[in-house]
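Asker: Got a file for you: upload_17.cif, mmCIF, C-alpha atoms.
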data_data
#
loop_
_atom_site.label_atom_id
_atom_site.label_comp_id
_atom_site.auth_asym_id
_atom_site.auth_seq_id
_atom_site.Cartn_x
_atom_site.Cartn_y
_atom_site.Cartn_z
CA ALA A 1 -7.41 -11.47 1.21
CA TRP A 2 -6.10 -10.75 -2.25
CA LEU A 3 -2.95 -8.94 -3.35
CA LEU A 4 -3.20 -7.76 -6.95
CA GLY A 5 -0.61 -6.11 -9.18
CA SER A 6 2.78 -6.67 -7.55
CA GLY A 7 5.17 -7.97 -10.18
CA TRP A 8 2.50 -8.13 -12.88
CA GLY A 9 3.91 -5.91 -15.57
CA ALA A 10 1.59 -5.11 -18.47
CA ARG A 11 -1.15 -7.75 -18.65
CA THR A 12 -3.89 -7.91 -21.22
CA ASP A 13 -6.10 -9.76 -18.71
CA GLY A 14 -5.48 -7.25 -15.90
CA PRO A 15 -8.92 -5.59 -16.05
CA GLU A 16 -10.70 -8.95 -15.91
CA ILE A 17 -8.58 -10.25 -13.03
CA VAL A 18 -9.05 -7.09 -10.96
CA ALA A 19 -12.81 -7.02 -11.58
CA ALA A 20 -13.20 -10.73 -10.79
CA ARG A 21 -11.23 -10.58 -7.55
CA LEU A 22 -13.05 -7.45 -6.37
CA ALA A 23 -16.40 -9.11 -7.17
CA GLU A 24 -15.56 -11.69 -4.49
CA ARG A 25 -15.77 -8.88 -1.88
CA LEU A 26 -12.73 -10.14 0.02
CA PRO A 27 -10.33 -7.62 1.56
CA THR A 28 -7.93 -6.73 -1.25
CA VAL A 29 -4.68 -4.84 -1.74
CA VAL A 30 -4.39 -3.29 -5.19
CA ASP A 31 -0.79 -2.39 -5.99
CA ALA A 32 1.45 -1.43 -8.88
CA ASP A 33 0.14 -2.38 -12.33
CA ALA A 34 -3.30 -3.39 -11.03
CA LEU A 35 -3.93 0.22 -9.98
CA THR A 36 -4.50 1.13 -13.62
CA HIS A 37 -7.55 -1.14 -13.67
CA VAL A 38 -9.61 0.20 -10.73
CA ARG A 39 -10.95 3.35 -12.35
CA GLY A 40 -14.72 3.09 -12.63
CA LEU A 41 -15.02 0.00 -10.40
CA ALA A 42 -17.08 0.03 -7.22
CA LEU A 43 -14.60 -0.06 -4.34
CA TRP A 44 -15.16 -0.06 -0.58
CA LYS A 45 -13.16 0.68 2.57
CA ASP A 46 -11.64 -2.84 2.80
CA VAL A 47 -9.97 -2.37 -0.56
CA LEU A 48 -6.50 -0.92 0.00
CA LEU A 49 -4.86 0.95 -2.87
CA THR A 50 -1.07 1.30 -2.45
CA PRO A 51 0.19 3.83 -5.03
CA HIS A 52 3.39 5.84 -5.02
CA ALA A 53 3.11 9.50 -6.07
CA GLY A 54 3.26 8.76 -9.80
CA GLU A 55 0.61 6.06 -9.61
CA LEU A 56 -1.62 8.28 -7.48
CA ALA A 57 -1.23 11.12 -9.98
CA SER A 58 -2.31 8.79 -12.79
CA LEU A 59 -5.28 7.55 -10.76
CA LEU A 60 -6.42 11.12 -10.11
CA GLY A 61 -5.56 12.51 -13.55
CA VAL A 62 -3.13 15.10 -12.18
CA GLU A 63 0.61 15.72 -12.49
CA ARG A 64 3.01 13.92 -10.15
CA ASP A 65 4.37 17.31 -9.03
CA ALA A 66 0.91 18.23 -7.72
CA VAL A 67 0.75 15.05 -5.61
CA GLU A 68 4.25 15.65 -4.26
CA ALA A 69 3.43 19.29 -3.45
CA ASP A 70 0.28 18.39 -1.47
CA PRO A 71 0.21 14.68 -0.64
CA LEU A 72 -2.40 15.07 2.11
CA ALA A 73 -4.97 16.62 -0.19
CA HIS A 74 -4.36 14.12 -2.97
CA VAL A 75 -4.38 10.95 -0.87
CA GLY A 76 -7.57 12.17 0.79
CA ALA A 77 -9.14 12.94 -2.58
CA ALA A 78 -8.24 9.48 -3.90
CA ALA A 79 -9.85 7.77 -0.92
CA SER A 80 -12.94 9.94 -1.15
CA ASP A 81 -13.25 9.54 -4.93
CA THR A 82 -12.75 5.75 -4.98
CA GLY A 83 -14.38 4.71 -1.71
CA ALA A 84 -11.23 2.69 -0.93
CA THR A 85 -8.55 3.12 1.71
CA VAL A 86 -5.38 4.58 0.16
CA LEU A 87 -1.79 4.20 1.34
CA LEU A 88 0.42 6.74 -0.43
CA LYS A 89 3.89 5.21 -0.38
CA GLY A 90 6.97 7.40 -0.06
CA ALA A 91 9.32 8.97 2.46
CA THR A 92 6.25 9.79 4.54
CA GLN A 93 3.47 7.21 4.20
CA TYR A 94 -0.06 8.58 4.35
CA VAL A 95 -3.13 6.41 4.94
CA ALA A 96 -6.47 7.93 3.93
CA GLU A 97 -9.93 6.59 4.69
CA PRO A 98 -12.91 7.23 2.40
CA SER A 99 -14.29 9.51 5.16
CA GLY A 100 -11.37 11.88 4.56
CA ARG A 101 -9.40 11.06 7.70
CA VAL A 102 -5.65 10.79 6.98
CA ARG A 103 -3.08 9.19 9.26
CA ILE A 104 0.69 8.90 8.99
CA ALA A 105 2.57 5.63 9.51
CA VAL A 106 5.76 5.37 11.58
CA PRO A 107 8.50 6.96 9.47
CA GLY A 108 11.41 4.90 8.23
CA PRO A 109 14.71 5.57 6.52
CA ALA A 110 14.63 6.91 2.97
CA TRP A 111 16.26 3.78 1.56
CA THR A 112 13.05 1.81 2.14
CA ALA A 113 11.58 3.60 -0.90
CA GLN A 114 13.87 1.70 -3.29
CA ALA A 115 12.58 -0.39 -6.19
CA GLY A 116 10.82 -3.53 -4.95
CA SER A 117 10.07 -2.14 -1.51
CA GLY A 118 6.53 -1.31 -2.53
CA ASP A 119 5.90 -4.96 -3.39
CA THR A 120 7.20 -5.96 0.04
CA LEU A 121 4.99 -3.34 1.67
CA ALA A 122 1.94 -4.51 -0.29
CA GLY A 123 2.63 -8.07 0.87
CA LEU A 124 2.86 -6.97 4.50
CA CYS A 125 -0.44 -5.10 4.14
CA ALA A 126 -2.10 -8.12 2.51
CA ALA A 127 -0.92 -10.34 5.38
CA MET A 128 -2.46 -7.89 7.86
CA LEU A 129 -5.74 -7.89 5.90
CA ALA A 130 -5.75 -11.68 5.84
CA SER A 131 -5.34 -11.71 9.63
CA GLY A 132 -8.61 -9.80 9.97
CA ARG A 133 -7.35 -6.23 10.28
CA SER A 134 -9.25 -3.41 8.59
CA ALA A 135 -7.63 -1.83 5.53
CA VAL A 136 -6.65 1.24 7.58
CA GLU A 137 -5.03 -0.90 10.25
CA ALA A 138 -3.37 -3.11 7.64
CA ALA A 139 -1.87 -0.07 5.89
CA LEU A 140 -0.64 1.55 9.10
CA LEU A 141 0.72 -1.72 10.50
CA GLY A 142 2.36 -2.82 7.25
CA ALA A 143 4.04 0.54 6.60
CA SER A 144 5.08 0.96 10.23
CA LEU A 145 6.42 -2.59 10.47
CA GLN A 146 8.52 -2.05 7.35
CA ALA A 147 9.86 1.22 8.79
CA ILE A 148 10.65 -0.24 12.22
CA THR A 149 12.38 -3.23 10.64
CA ALA A 150 14.51 -0.90 8.51
CA ARG A 151 15.45 1.17 11.56
CA ASN A 152 16.32 -1.94 13.59
CA PHE A 153 18.44 -3.40 10.78
CA PRO A 154 20.17 -0.38 9.19
CA GLY A 155 20.85 -0.54 5.49
CA PRO A 156 20.25 -0.02 2.74
CA ARG A 157 19.16 -3.61 2.35
CA PRO A 158 17.41 -5.24 -0.58
CA PRO A 159 13.63 -5.51 -0.11
CA GLN A 160 13.73 -9.31 0.08
CA ASP A 161 16.20 -9.14 2.98
CA LEU A 162 14.03 -6.62 4.79
CA ALA A 163 11.00 -8.88 4.29
CA ARG A 164 12.85 -11.77 5.96
CA LEU A 165 13.84 -9.58 8.91
CA VAL A 166 10.24 -8.58 9.67
CA ALA A 167 9.74 -11.90 11.47
CA GLU A 168 12.51 -10.95 13.93
CA VAL A 169 10.89 -7.59 14.68
CA ILE A 170 7.31 -8.70 15.29
CA PRO A 171 7.99 -10.43 18.65
CA THR A 172 9.77 -7.32 19.96
CA LEU A 173 6.78 -5.00 19.41
CA ARG A 174 4.52 -4.18 22.31
#
What is this structure when it is put down as structure tokens?
Answerer:
Amino acid sequence: AWLLGSGWGARTDGPEIVAARLAERLPTVVDADALTHVRGLALWKDVLLTPHAGELASLLGVERDAVEADPLAHVGAAASDTGATVLLKGATQYVAEPSGRVRIAVPGPAWTAQAGSGDTLAGLCAAMLASGRSAVEAALLGASLQAITARNFPGPRPPQDLARLVAEVIPTLR
């Protein structure tokens, strides 16, 4: 599996990297700065886009306020329009399939939406994809695992600390 975009910043080679990795047809998480390079590319259900509301608004060509006012409609539209699975990150985390079905991950504390947490979440999702999970399962498991870890280890905590604590939570899940 590939994870594209986390920590990239502005890259002049971003479009080429995204296109080349997607051409390999491996399960892929597209996060952060790489999201700006998927428009017009052929995506499929094992590509997982992980935008926050602002990134989703940019992807859809709408205002952020519109996404925040109706996240269900917008995450569903993004999945339908792109053909990819979409995880809308935020206080409530929505996972939309290209078919239009939308699911909600286990909720976590608001502090998990701090800067850097999205990169951690994208990494968890990529690990789930690499283990053979579908993009929908990877999104739901990654987001839920992050939320459960945050609830089990109250914070706020920096994202890198939360990422380390995930390993302690996994064996307790049934």
Asker: Show me, as a PyMOL selection string, the residues that have an atom within 10 Å of Leu35 in chain A when counting only C-alpha atoms, minus same-chain residues fewer than 2 positions from it.
Answerer: chain A and resi 4-6+14-15+18+29-33+37-39+49-51+55-56+58-59
Asker: Please evaluate the PyMOL selection byres ((chain A and resi 173) around 12) against the displayed coordinates and give the resulting residues as a list in words.
Answerer: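 Applying the PyMOL selection byres ((chain A and resi 173) around 12) to the structure shown produces Leu141, Ser144, Leu145, Ile148, Thr149, Asn152, Val166, Ala167, Glu168, Val169, Ile170, Pro171, Thr172 and Arg174 of chain A.
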Asker: Here is a test: counting only C-alpha atoms, which residue of A:Gly116, A:Gly155, A:Pro109, A:Pro71 is nearest to Ala96 in chain A?
Answerer: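 Of A:Gly116, A:Gly155, A:Pro109, A:Pro71, the one nearest Ala96 in chain A is A:Pro71, counting only C-alpha atoms.
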Asker: Between CA of Trp111 in chain A and CA of Gln160 in chain A, what distance in Å does the model show, to one decimal?
Answerer: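 Computing it gives 13.4 Å between the two atoms.
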Asker: Report the distance between CA of Arg164 in chain A and CA of Thr85 in chain A in Å, rounded to one decimal place.
Answerer: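 CA of Thr85 in chain A lies at a distance of 26.4 Å from CA of Arg164 in chain A.
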Asker: What does the PyMOL selection byres ((chain A and resi 107) around 9) select in this file, as a list in words?
Answerer: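 That expression, the PyMOL selection byres ((chain A and resi 107) around 9), corresponds here to Ala91, Thr92, Gln93, Ile104, Ala105, Val106, Gly108, Pro109, Ala110, Ala143, Ser144, Ala147 and Ile148 of chain A.
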Asker: Contacts of Leu3 in chain A at 12 Å or less, counting all atoms listed in the file, minus same-chain residues fewer than 5 places along, as a PyMOL selection string?
Answerer: chain A and resi 8+17-18+21-22+26-35+47-50+119-130
Asker: When you draw a straight line from CA of Tyr94 in chain A to CA of Ala20 in chain A, how long is it in Å?
Answerer: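 So the answer is 27.8 Å.
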Asker: Name the closest residue to Ala42 in chain A among the candidates A:Leu162, A:Val136, A:Ala57, A:Ala23; distances are taken between atoms, counting all atoms listed in the file.
Answerer: A:Ala23
Asker: Find the residues near Ser80 in chain A: any atom within 8 Å, counting all atoms listed in the file, skip ones fewer than 5 places away on the same chain, and give them as a list in words.
Answerer: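 Once the adjacent positions are removed, what remains is Glu97, Pro98, Ser99 and Gly100 of chain A.
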Asker: Can you list what the PyMOL selection byres ((chain A and resi 44) around 6) grabs from this structure, as a list in words?
Answerer: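 Listing what the PyMOL selection byres ((chain A and resi 44) around 6) selects in the shown file: Leu43, Lys45, Asp46, Val47, Gly83 and Ala84 of chain A.
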Asker: Would you save range 112-139 of chain A to a file, keeping N, CA and C atoms, as a PDB file, in the first residue's frame?
Answerer:
ATOM      1  N   THR A 112      -8.343  15.119  19.245  1.00  0.00           N
ATOM      2  CA  THR A 112      -7.670  14.311  18.225  1.00  0.00           C
ATOM      3  C   THR A 112      -7.673  14.987  16.859  1.00  0.00           C
ATOM      4  N   ALA A 113      -8.357  16.105  16.729  1.00  0.00           N
ATOM      5  CA  ALA A 113      -8.369  16.831  15.450  1.00  0.00           C
ATOM      6  C   ALA A 113      -7.263  17.886  15.377  1.00  0.00           C
ATOM      7  N   GLN A 114      -6.303  17.837  16.291  1.00  0.00           N
ATOM      8  CA  GLN A 114      -5.219  18.825  16.278  1.00  0.00           C
ATOM      9  C   GLN A 114      -4.266  18.611  15.106  1.00  0.00           C
ATOM     10  N   ALA A 115      -3.457  19.618  14.838  1.00  0.00           N
ATOM     11  CA  ALA A 115      -2.488  19.542  13.739  1.00  0.00           C
ATOM     12  C   ALA A 115      -1.595  18.320  13.905  1.00  0.00           C
ATOM     13  N   GLY A 116      -1.412  17.587  12.821  1.00  0.00           N
ATOM     14  CA  GLY A 116      -0.578  16.386  12.833  1.00  0.00           C
ATOM     15  C   GLY A 116      -1.358  15.106  13.053  1.00  0.00           C
ATOM     16  N   SER A 117      -2.544  15.223  13.613  1.00  0.00           N
ATOM     17  CA  SER A 117      -3.354  14.022  13.863  1.00  0.00           C
ATOM     18  C   SER A 117      -3.821  13.377  12.574  1.00  0.00           C
ATOM     19  N   GLY A 118      -4.043  14.187  11.556  1.00  0.00           N
ATOM     20  CA  GLY A 118      -4.460  13.640  10.269  1.00  0.00           C
ATOM     21  C   GLY A 118      -3.379  12.780   9.635  1.00  0.00           C
ATOM     22  N   ASP A 119      -2.120  13.175   9.822  1.00  0.00           N
ATOM     23  CA  ASP A 119      -1.013  12.369   9.314  1.00  0.00           C
ATOM     24  C   ASP A 119      -0.966  11.026  10.029  1.00  0.00           C
ATOM     25  N   THR A 120      -1.175  11.062  11.344  1.00  0.00           N
ATOM     26  CA  THR A 120      -1.208   9.825  12.128  1.00  0.00           C
ATOM     27  C   THR A 120      -2.352   8.940  11.657  1.00  0.00           C
ATOM     28  N   LEU A 121      -3.511   9.536  11.469  1.00  0.00           N
ATOM     29  CA  LEU A 121      -4.673   8.789  10.995  1.00  0.00           C
ATOM     30  C   LEU A 121      -4.412   8.185   9.617  1.00  0.00           C
ATOM     31  N   ALA A 122      -3.830   8.963   8.723  1.00  0.00           N
ATOM     32  CA  ALA A 122      -3.524   8.440   7.381  1.00  0.00           C
ATOM     33  C   ALA A 122      -2.574   7.253   7.479  1.00  0.00           C
ATOM     34  N   GLY A 123      -1.606   7.327   8.371  1.00  0.00           N
ATOM     35  CA  GLY A 123      -0.675   6.213   8.567  1.00  0.00           C
ATOM     36  C   GLY A 123      -1.366   4.973   9.088  1.00  0.00           C
ATOM     37  N   LEU A 124      -2.288   5.152  10.037  1.00  0.00           N
ATOM     38  CA  LEU A 124      -3.053   4.005  10.538  1.00  0.00           C
ATOM     39  C   LEU A 124      -3.870   3.374   9.417  1.00  0.00           C
ATOM     40  N   CYS A 125      -4.493   4.206   8.605  1.00  0.00           N
ATOM     41  CA  CYS A 125      -5.295   3.692   7.482  1.00  0.00           C
ATOM     42  C   CYS A 125      -4.412   2.955   6.475  1.00  0.00           C
ATOM     43  N   ALA A 126      -3.240   3.504   6.190  1.00  0.00           N
ATOM     44  CA  ALA A 126      -2.327   2.846   5.251  1.00  0.00           C
ATOM     45  C   ALA A 126      -1.874   1.494   5.791  1.00  0.00           C
ATOM     46  N   ALA A 127      -1.625   1.412   7.090  1.00  0.00           N
ATOM     47  CA  ALA A 127      -1.241   0.130   7.692  1.00  0.00           C
ATOM     48  C   ALA A 127      -2.368  -0.887   7.541  1.00  0.00           C
ATOM     49  N   MET A 128      -3.599  -0.453   7.711  1.00  0.00           N
ATOM     50  CA  MET A 128      -4.749  -1.351   7.557  1.00  0.00           C
ATOM     51  C   MET A 128      -4.881  -1.801   6.101  1.00  0.00           C
ATOM     52  N   LEU A 129      -4.666  -0.886   5.158  1.00  0.00           N
ATOM     53  CA  LEU A 129      -4.690  -1.264   3.733  1.00  0.00           C
ATOM     54  C   LEU A 129      -3.596  -2.286   3.432  1.00  0.00           C
ATOM     55  N   ALA A 130      -2.417  -2.059   3.964  1.00  0.00           N
ATOM     56  CA  ALA A 130      -1.294  -2.958   3.718  1.00  0.00           C
ATOM     57  C   ALA A 130      -1.535  -4.341   4.302  1.00  0.00           C
ATOM     58  N   SER A 131      -2.393  -4.419   5.324  1.00  0.00           N
ATOM     59  CA  SER A 131      -2.697  -5.725   5.932  1.00  0.00           C
ATOM     60  C   SER A 131      -3.769  -6.480   5.150  1.00  0.00           C
ATOM     61  N   GLY A 132      -4.280  -5.869   4.078  1.00  0.00           N
ATOM     62  CA  GLY A 132      -5.255  -6.550   3.239  1.00  0.00           C
ATOM     63  C   GLY A 132      -6.692  -6.099   3.429  1.00  0.00           C
ATOM     64  N   ARG A 133      -6.906  -5.113   4.268  1.00  0.00           N
ATOM     65  CA  ARG A 133      -8.269  -4.603   4.469  1.00  0.00           C
ATOM     66  C   ARG A 133      -8.700  -3.766   3.265  1.00  0.00           C
ATOM     67  N   SER A 134     -10.000  -3.715   3.024  1.00  0.00           N
ATOM     68  CA  SER A 134     -10.525  -2.839   1.978  1.00  0.00           C
ATOM     69  C   SER A 134     -10.349  -1.388   2.439  1.00  0.00           C
ATOM     70  N   ALA A 135     -10.493  -0.452   1.522  1.00  0.00           N
ATOM     71  CA  ALA A 135     -10.353   0.959   1.879  1.00  0.00           C
ATOM     72  C   ALA A 135     -11.409   1.378   2.894  1.00  0.00           C
ATOM     73  N   VAL A 136     -12.630   0.878   2.759  1.00  0.00           N
ATOM     74  CA  VAL A 136     -13.684   1.204   3.724  1.00  0.00           C
ATOM     75  C   VAL A 136     -13.311   0.684   5.107  1.00  0.00           C
ATOM     76  N   GLU A 137     -12.895  -0.571   5.176  1.00  0.00           N
ATOM     77  CA  GLU A 137     -12.488  -1.132   6.464  1.00  0.00           C
ATOM     78  C   GLU A 137     -11.283  -0.392   7.030  1.00  0.00           C
ATOM     79  N   ALA A 138     -10.316  -0.088   6.179  1.00  0.00           N
ATOM     80  CA  ALA A 138      -9.112   0.613   6.635  1.00  0.00           C
ATOM     81  C   ALA A 138      -9.471   1.970   7.227  1.00  0.00           C
ATOM     82  N   ALA A 139     -10.373   2.688   6.573  1.00  0.00           N
ATOM     83  CA  ALA A 139     -10.785   4.004   7.068  1.00  0.00           C
ATOM     84  C   ALA A 139     -11.519   3.885   8.398  1.00  0.00           C
TER      85      ALA A 139
END
